[in-house]
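Asks: I am attaching a structure below and will ask some questions about it afterwards.
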Amino acid sequence: MAVYWTKQRKRLLEYLAAHRDEQVTAQQIAQDLTADQISISAVYRNLAALEEKGFVKRCVREHTRECFYQYTAAEACRDHLHLSCLLCGKSIHLSKRETEQLIQSTLESTGFQIKRSETILYGICAACRKQ
């Protein structure tokens, strides 16, 4: 099934692509897109459609119930694992080599095969650890 590309959906995707190294909430997106007259309900509706098609990933951070969204359709995101800081939300894209090493090592030591398109590893980034 094709994605129906409304003006709002295109604008939302542009916004997410420009913030691909961040995890953002629907409220943050709606606030940042106020000038584009995109309502919070339109943001949620379009995020759901984009998530269904694999353009964004939704996650919930530890100790919160709020959903965060991240653009994953960029070429740099495909087949790569991601690291996400629990404090600041920064996202780090592991290189293809690093991704392959981690997946292969895990498979060899545990027999567990990681589904890379669904995997985000959570921790604390270097900048937050220095604070």
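Lettering and numbering for the structure tokens are positional, with chains as A, B, ... in the shown order, residues counted from 1 in each chain, and ligands counted from 1 in the shown order.
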Excluding same-chain residues fewer than 2 positions from Ala18 of chain A, what lies within 12 Å of it counting only C-alpha atoms, as a PyMOL selection string?

Replies: chain A and resi 11-16+20-24+29+70-74

Asks: Just the residues within 10 Å of Cys59 of chain A, please, counting only C-alpha atoms, with nothing from its chain fewer than 6 positions along; format it as a PyMOL selection string.

Replies: chain A and resi 23+25+65-70+120

Asks: Go through A:Gln8, A:Gln113, A:Thr99, A:Ser91 and flag the residue nearest Gln37 of chain A, using only C-alpha atoms for the distances.

Replies: A:Gln8

Asks: Between A:Asn46, A:Leu33, A:Phe55, A:Ser95, single out the one closest to Ala17 of chain A, counting only C-alpha atoms.

Replies: A:Phe55

Asks: Could you find all residues in segment 48-90 of chain A that DSSP calls helix (DSSP H, G or I) from the backbone, and write them as a PDB file with N, CA and C atoms, in the first residue's frame?

Replies:
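File states_32.pdb, as written:
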```pdb
ATOM      1  N   ALA A  48       1.795   8.119  13.126  1.00  0.00           N
ATOM      2  CA  ALA A  48       1.326   6.725  13.092  1.00  0.00           C
ATOM      3  C   ALA A  48       1.467   6.142  11.686  1.00  0.00           C
ATOM      4  N   ALA A  49       1.088   6.917  10.683  1.00  0.00           N
ATOM      5  CA  ALA A  49       1.191   6.447   9.298  1.00  0.00           C
ATOM      6  C   ALA A  49       2.654   6.264   8.897  1.00  0.00           C
ATOM      7  N   LEU A  50       3.510   7.186   9.283  1.00  0.00           N
ATOM      8  CA  LEU A  50       4.930   7.095   8.935  1.00  0.00           C
ATOM      9  C   LEU A  50       5.612   5.946   9.678  1.00  0.00           C
ATOM     10  N   GLU A  51       5.185   5.702  10.911  1.00  0.00           N
ATOM     11  CA  GLU A  51       5.732   4.567  11.666  1.00  0.00           C
ATOM     12  C   GLU A  51       5.329   3.251  11.003  1.00  0.00           C
ATOM     13  N   GLU A  52       4.086   3.154  10.605  1.00  0.00           N
ATOM     14  CA  GLU A  52       3.585   1.944   9.947  1.00  0.00           C
ATOM     15  C   GLU A  52       4.373   1.627   8.681  1.00  0.00           C
TER      16      GLU A  52
END
```

Asks: Write out as a list in words the residues lying within 12 Å of Tyr122 of chain A, counting only C-alpha atoms and excluding same-chain residues fewer than 6 positions away.

Replies: Cys59, Val60, Arg61, Glu62, Leu81, His82, Leu83, Ser84, Cys85, Leu86, Leu87, Cys88, Gly89, Lys90, Ser91 and Ile92 of chain A

Asks: Selection from above, N, CA, C and O atoms, as an mmCIF file, in the first residue's frame, can you write it?

Replies:
```cif
data_model
loop_
_atom_site.group_PDB
_atom_site.id
_atom_site.type_symbol
_atom_site.label_atom_id
_atom_site.label_comp_id
_atom_site.auth_asym_id
_atom_site.auth_seq_id
_atom_site.Cartn_x
_atom_site.Cartn_y
_atom_site.Cartn_z
ATOM 1 N N CYS A 59 9.461 5.064 20.434
ATOM 2 C CA CYS A 59 9.967 4.389 21.625
ATOM 3 C C CYS A 59 9.545 5.164 22.872
ATOM 4 O O CYS A 59 9.153 6.327 22.792
ATOM 5 N N VAL A 60 9.639 4.505 23.994
ATOM 6 C CA VAL A 60 9.342 5.120 25.284
ATOM 7 C C VAL A 60 10.612 5.048 26.102
ATOM 8 O O VAL A 60 11.190 3.965 26.263
ATOM 9 N N ARG A 61 11.061 6.176 26.608
ATOM 10 C CA ARG A 61 12.270 6.195 27.435
ATOM 11 C C ARG A 61 11.966 5.681 28.831
ATOM 12 O O ARG A 61 10.854 5.795 29.328
ATOM 13 N N GLU A 62 13.008 5.166 29.435
ATOM 14 C CA GLU A 62 12.916 4.659 30.798
ATOM 15 C C GLU A 62 12.415 5.750 31.745
ATOM 16 O O GLU A 62 12.802 6.912 31.621
ATOM 17 N N LEU A 81 22.495 -0.259 13.782
ATOM 18 C CA LEU A 81 21.968 -0.151 15.133
ATOM 19 C C LEU A 81 22.122 1.285 15.603
ATOM 20 O O LEU A 81 22.983 2.012 15.112
ATOM 21 N N HIS A 82 21.298 1.675 16.560
ATOM 22 C CA HIS A 82 21.343 3.030 17.094
ATOM 23 C C HIS A 82 21.537 2.991 18.601
ATOM 24 O O HIS A 82 21.045 2.092 19.278
ATOM 25 N N LEU A 83 22.259 3.971 19.091
ATOM 26 C CA LEU A 83 22.422 4.171 20.523
ATOM 27 C C LEU A 83 21.629 5.413 20.875
ATOM 28 O O LEU A 83 21.653 6.393 20.142
ATOM 29 N N SER A 84 20.926 5.388 22.005
ATOM 30 C CA SER A 84 20.119 6.529 22.399
ATOM 31 C C SER A 84 20.412 6.880 23.846
ATOM 32 O O SER A 84 20.360 6.024 24.732
ATOM 33 N N CYS A 85 20.717 8.161 24.085
ATOM 34 C CA CYS A 85 21.011 8.637 25.439
ATOM 35 C C CYS A 85 19.708 8.798 26.222
ATOM 36 O O CYS A 85 18.789 9.473 25.775
ATOM 37 N N LEU A 86 19.659 8.187 27.383
ATOM 38 C CA LEU A 86 18.477 8.264 28.234
ATOM 39 C C LEU A 86 18.290 9.645 28.851
ATOM 40 O O LEU A 86 17.193 9.993 29.264
ATOM 41 N N LEU A 87 19.353 10.446 28.903
ATOM 42 C CA LEU A 87 19.255 11.762 29.522
ATOM 43 C C LEU A 87 18.910 12.863 28.529
ATOM 44 O O LEU A 87 17.984 13.627 28.742
ATOM 45 N N CYS A 88 19.650 12.942 27.427
ATOM 46 C CA CYS A 88 19.430 14.055 26.490
ATOM 47 C C CYS A 88 18.695 13.644 25.220
ATOM 48 O O CYS A 88 18.257 14.497 24.454
ATOM 49 N N GLY A 89 18.570 12.344 24.971
ATOM 50 C CA GLY A 89 17.854 11.876 23.794
ATOM 51 C C GLY A 89 18.686 11.827 22.522
ATOM 52 O O GLY A 89 18.185 11.462 21.468
ATOM 53 N N LYS A 90 19.969 12.160 22.618
ATOM 54 C CA LYS A 90 20.834 12.124 21.444
ATOM 55 C C LYS A 90 20.889 10.707 20.886
ATOM 56 O O LYS A 90 20.904 9.735 21.631
ATOM 57 N N SER A 91 20.914 10.607 19.579
ATOM 58 C CA SER A 91 20.989 9.307 18.919
ATOM 59 C C SER A 91 22.318 9.207 18.184
ATOM 60 O O SER A 91 22.753 10.151 17.530
ATOM 61 N N ILE A 92 22.934 8.053 18.302
ATOM 62 C CA ILE A 92 24.209 7.795 17.641
ATOM 63 C C ILE A 92 24.004 6.604 16.714
ATOM 64 O O ILE A 92 23.492 5.564 17.124
#
```

Asks: Rounded to one decimal, what separation in Å do you get between atom CA of Thr34 of chain A and atom CA of His63 of chain A?

Replies: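 Going from atom CA of Thr34 of chain A over to atom CA of His63 of chain A covers 28.5 Å.
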
Asks: DSSP on the backbone, strand (DSSP E) only: what residues of chain A does that give? Format it as a short mmCIF file (atom, residue, chain, number, x, y, z; two decimals) with all heavy atoms, in the first residue's frame.

Replies:
```cif
data_model
loop_
_atom_site.label_atom_id
_atom_site.label_comp_id
_atom_site.auth_asym_id
_atom_site.auth_seq_id
_atom_site.Cartn_x
_atom_site.Cartn_y
_atom_site.Cartn_z
N VAL A 56 9.61 6.20 10.53
CA VAL A 56 9.96 6.63 11.90
C VAL A 56 9.84 5.45 12.84
O VAL A 56 9.12 4.48 12.58
CB VAL A 56 9.08 7.79 12.41
CG1 VAL A 56 9.23 9.02 11.57
CG2 VAL A 56 7.64 7.39 12.53
N LYS A 57 10.54 5.56 13.95
CA LYS A 57 10.48 4.57 15.01
C LYS A 57 9.98 5.26 16.26
O LYS A 57 10.39 6.38 16.57
CB LYS A 57 11.87 3.99 15.25
CG LYS A 57 11.88 2.83 16.22
CD LYS A 57 13.27 2.26 16.34
CE LYS A 57 13.77 1.76 15.03
NZ LYS A 57 13.88 0.36 14.85
N ARG A 58 9.08 4.61 16.97
CA ARG A 58 8.52 5.14 18.21
C ARG A 58 9.10 4.35 19.37
O ARG A 58 9.23 3.14 19.31
CB ARG A 58 7.00 4.99 18.20
CG ARG A 58 6.33 5.47 19.47
CD ARG A 58 4.82 5.39 19.36
NE ARG A 58 4.35 4.12 18.85
CZ ARG A 58 3.87 3.14 19.62
NH1 ARG A 58 3.79 3.28 20.92
NH2 ARG A 58 3.45 2.02 19.07
N CYS A 59 9.46 5.06 20.43
CA CYS A 59 9.97 4.39 21.63
C CYS A 59 9.55 5.16 22.87
O CYS A 59 9.15 6.33 22.79
CB CYS A 59 11.48 4.23 21.57
SG CYS A 59 12.37 5.78 21.61
N VAL A 60 9.64 4.51 23.99
CA VAL A 60 9.34 5.12 25.28
C VAL A 60 10.61 5.05 26.10
O VAL A 60 11.19 3.96 26.26
CB VAL A 60 8.19 4.39 26.01
CG1 VAL A 60 7.92 5.01 27.36
CG2 VAL A 60 6.94 4.39 25.15
N CYS A 67 5.97 9.10 24.53
CA CYS A 67 6.53 8.50 23.32
C CYS A 67 7.46 9.47 22.63
O CYS A 67 7.18 10.67 22.54
CB CYS A 67 5.40 8.11 22.36
SG CYS A 67 4.41 6.75 22.94
N PHE A 68 8.55 8.93 22.12
CA PHE A 68 9.52 9.69 21.35
C PHE A 68 9.60 9.08 19.97
O PHE A 68 9.47 7.86 19.81
CB PHE A 68 10.89 9.67 22.03
CG PHE A 68 10.92 10.43 23.32
CD1 PHE A 68 10.48 9.86 24.50
CD2 PHE A 68 11.37 11.74 23.36
CE1 PHE A 68 10.49 10.56 25.69
CE2 PHE A 68 11.39 12.45 24.54
CZ PHE A 68 10.95 11.86 25.72
N TYR A 69 9.84 9.93 18.98
CA TYR A 69 9.87 9.48 17.60
C TYR A 69 11.21 9.87 16.99
O TYR A 69 11.76 10.92 17.29
CB TYR A 69 8.75 10.13 16.80
CG TYR A 69 7.39 9.76 17.33
CD1 TYR A 69 6.79 10.49 18.36
CD2 TYR A 69 6.70 8.67 16.81
CE1 TYR A 69 5.55 10.14 18.86
CE2 TYR A 69 5.46 8.31 17.31
CZ TYR A 69 4.90 9.05 18.33
OH TYR A 69 3.68 8.70 18.83
N GLN A 70 11.70 8.99 16.10
CA GLN A 70 12.95 9.27 15.41
C GLN A 70 12.86 8.83 13.97
O GLN A 70 12.35 7.75 13.66
CB GLN A 70 14.11 8.55 16.09
CG GLN A 70 15.44 8.90 15.44
CD GLN A 70 16.60 8.37 16.24
OE1 GLN A 70 16.44 7.66 17.20
NE2 GLN A 70 17.79 8.72 15.81
N TYR A 71 13.36 9.67 13.09
CA TYR A 71 13.40 9.39 11.66
C TYR A 71 14.40 8.26 11.41
O TYR A 71 15.54 8.33 11.85
CB TYR A 71 13.81 10.66 10.94
CG TYR A 71 13.90 10.55 9.44
CD1 TYR A 71 12.76 10.41 8.68
CD2 TYR A 71 15.12 10.63 8.79
CE1 TYR A 71 12.82 10.34 7.30
CE2 TYR A 71 15.19 10.57 7.41
CZ TYR A 71 14.04 10.42 6.67
OH TYR A 71 14.12 10.35 5.31
N HIS A 82 21.30 1.67 16.56
CA HIS A 82 21.34 3.03 17.09
C HIS A 82 21.54 2.99 18.60
O HIS A 82 21.04 2.09 19.28
CB HIS A 82 20.04 3.77 16.78
CG HIS A 82 19.83 3.97 15.32
ND1 HIS A 82 19.25 3.02 14.52
CD2 HIS A 82 20.13 5.01 14.52
CE1 HIS A 82 19.21 3.46 13.28
NE2 HIS A 82 19.73 4.67 13.26
N LEU A 83 22.26 3.97 19.09
CA LEU A 83 22.42 4.17 20.52
C LEU A 83 21.63 5.41 20.87
O LEU A 83 21.65 6.39 20.14
CB LEU A 83 23.90 4.39 20.87
CG LEU A 83 24.90 3.35 20.37
CD1 LEU A 83 26.32 3.76 20.75
CD2 LEU A 83 24.57 1.98 20.90
N SER A 84 20.93 5.39 22.00
CA SER A 84 20.12 6.53 22.40
C SER A 84 20.41 6.88 23.85
O SER A 84 20.36 6.02 24.73
CB SER A 84 18.64 6.20 22.23
OG SER A 84 17.85 7.32 22.59
N CYS A 85 20.72 8.16 24.09
CA CYS A 85 21.01 8.64 25.44
C CYS A 85 19.71 8.80 26.22
O CYS A 85 18.79 9.47 25.78
CB CYS A 85 21.77 9.95 25.40
SG CYS A 85 22.20 10.56 27.05
N SER A 91 20.91 10.61 19.58
CA SER A 91 20.99 9.31 18.92
C SER A 91 22.32 9.21 18.18
O SER A 91 22.75 10.15 17.53
CB SER A 91 19.84 9.17 17.93
OG SER A 91 19.90 7.92 17.31
N ILE A 92 22.93 8.05 18.30
CA ILE A 92 24.21 7.80 17.64
C ILE A 92 24.00 6.60 16.71
O ILE A 92 23.49 5.56 17.12
CB ILE A 92 25.32 7.49 18.66
CG1 ILE A 92 25.51 8.69 19.59
CG2 ILE A 92 26.62 7.10 17.97
CD1 ILE A 92 26.34 8.41 20.82
N HIS A 93 24.39 6.76 15.47
CA HIS A 93 24.27 5.70 14.48
C HIS A 93 25.57 4.92 14.47
O HIS A 93 26.62 5.49 14.19
CB HIS A 93 24.02 6.27 13.09
CG HIS A 93 22.85 7.19 13.03
ND1 HIS A 93 21.59 6.76 12.68
CD2 HIS A 93 22.72 8.50 13.32
CE1 HIS A 93 20.76 7.77 12.74
NE2 HIS A 93 21.42 8.83 13.12
N ILE A 120 17.29 -0.38 19.23
CA ILE A 120 17.91 0.82 19.77
C ILE A 120 18.50 0.43 21.12
O ILE A 120 17.81 -0.16 21.95
CB ILE A 120 16.89 1.97 19.98
CG1 ILE A 120 16.25 2.38 18.65
CG2 ILE A 120 17.57 3.17 20.63
CD1 ILE A 120 15.15 3.40 18.78
N LEU A 121 19.76 0.72 21.33
CA LEU A 121 20.42 0.43 22.59
C LEU A 121 20.44 1.71 23.42
O LEU A 121 20.82 2.76 22.93
CB LEU A 121 21.84 -0.08 22.36
CG LEU A 121 21.94 -1.33 21.47
CD1 LEU A 121 23.39 -1.64 21.16
CD2 LEU A 121 21.26 -2.51 22.12
N TYR A 122 20.03 1.61 24.68
CA TYR A 122 19.92 2.78 25.54
C TYR A 122 21.05 2.83 26.54
O TYR A 122 21.49 1.80 27.05
CB TYR A 122 18.57 2.77 26.27
CG TYR A 122 17.41 2.91 25.33
CD1 TYR A 122 16.78 1.81 24.79
CD2 TYR A 122 16.98 4.18 24.94
CE1 TYR A 122 15.74 1.94 23.90
CE2 TYR A 122 15.93 4.33 24.06
CZ TYR A 122 15.31 3.21 23.54
OH TYR A 122 14.28 3.35 22.65
N GLY A 123 21.51 4.03 26.83
CA GLY A 123 22.56 4.27 27.81
C GLY A 123 22.75 5.75 28.01
O GLY A 123 21.83 6.55 27.76
#
```

Asks: Between A:Arg116, A:Arg129, A:Asp79, A:Ala26, single out the one closest to Ile40 of chain A, counting only C-alpha atoms.

Replies: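 Looking at the shortest contact to Ile40 of chain A, the residue is A:Ala26.
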
Asks: So how far away is atom CA of His19 of chain A from atom CA of Ser41 of chain A, in Å?

Replies: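 Distance between the two atoms: 20.4 Å.
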
Asks: Can you work out which one of A:Gln31, A:Thr6, A:Gln104, A:Gln131 has the shortest atom-to-atom distance to Arg45 of chain A, counting only C-alpha atoms?

Replies: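 Closest to Arg45 of chain A of all the choices is A:Thr6.
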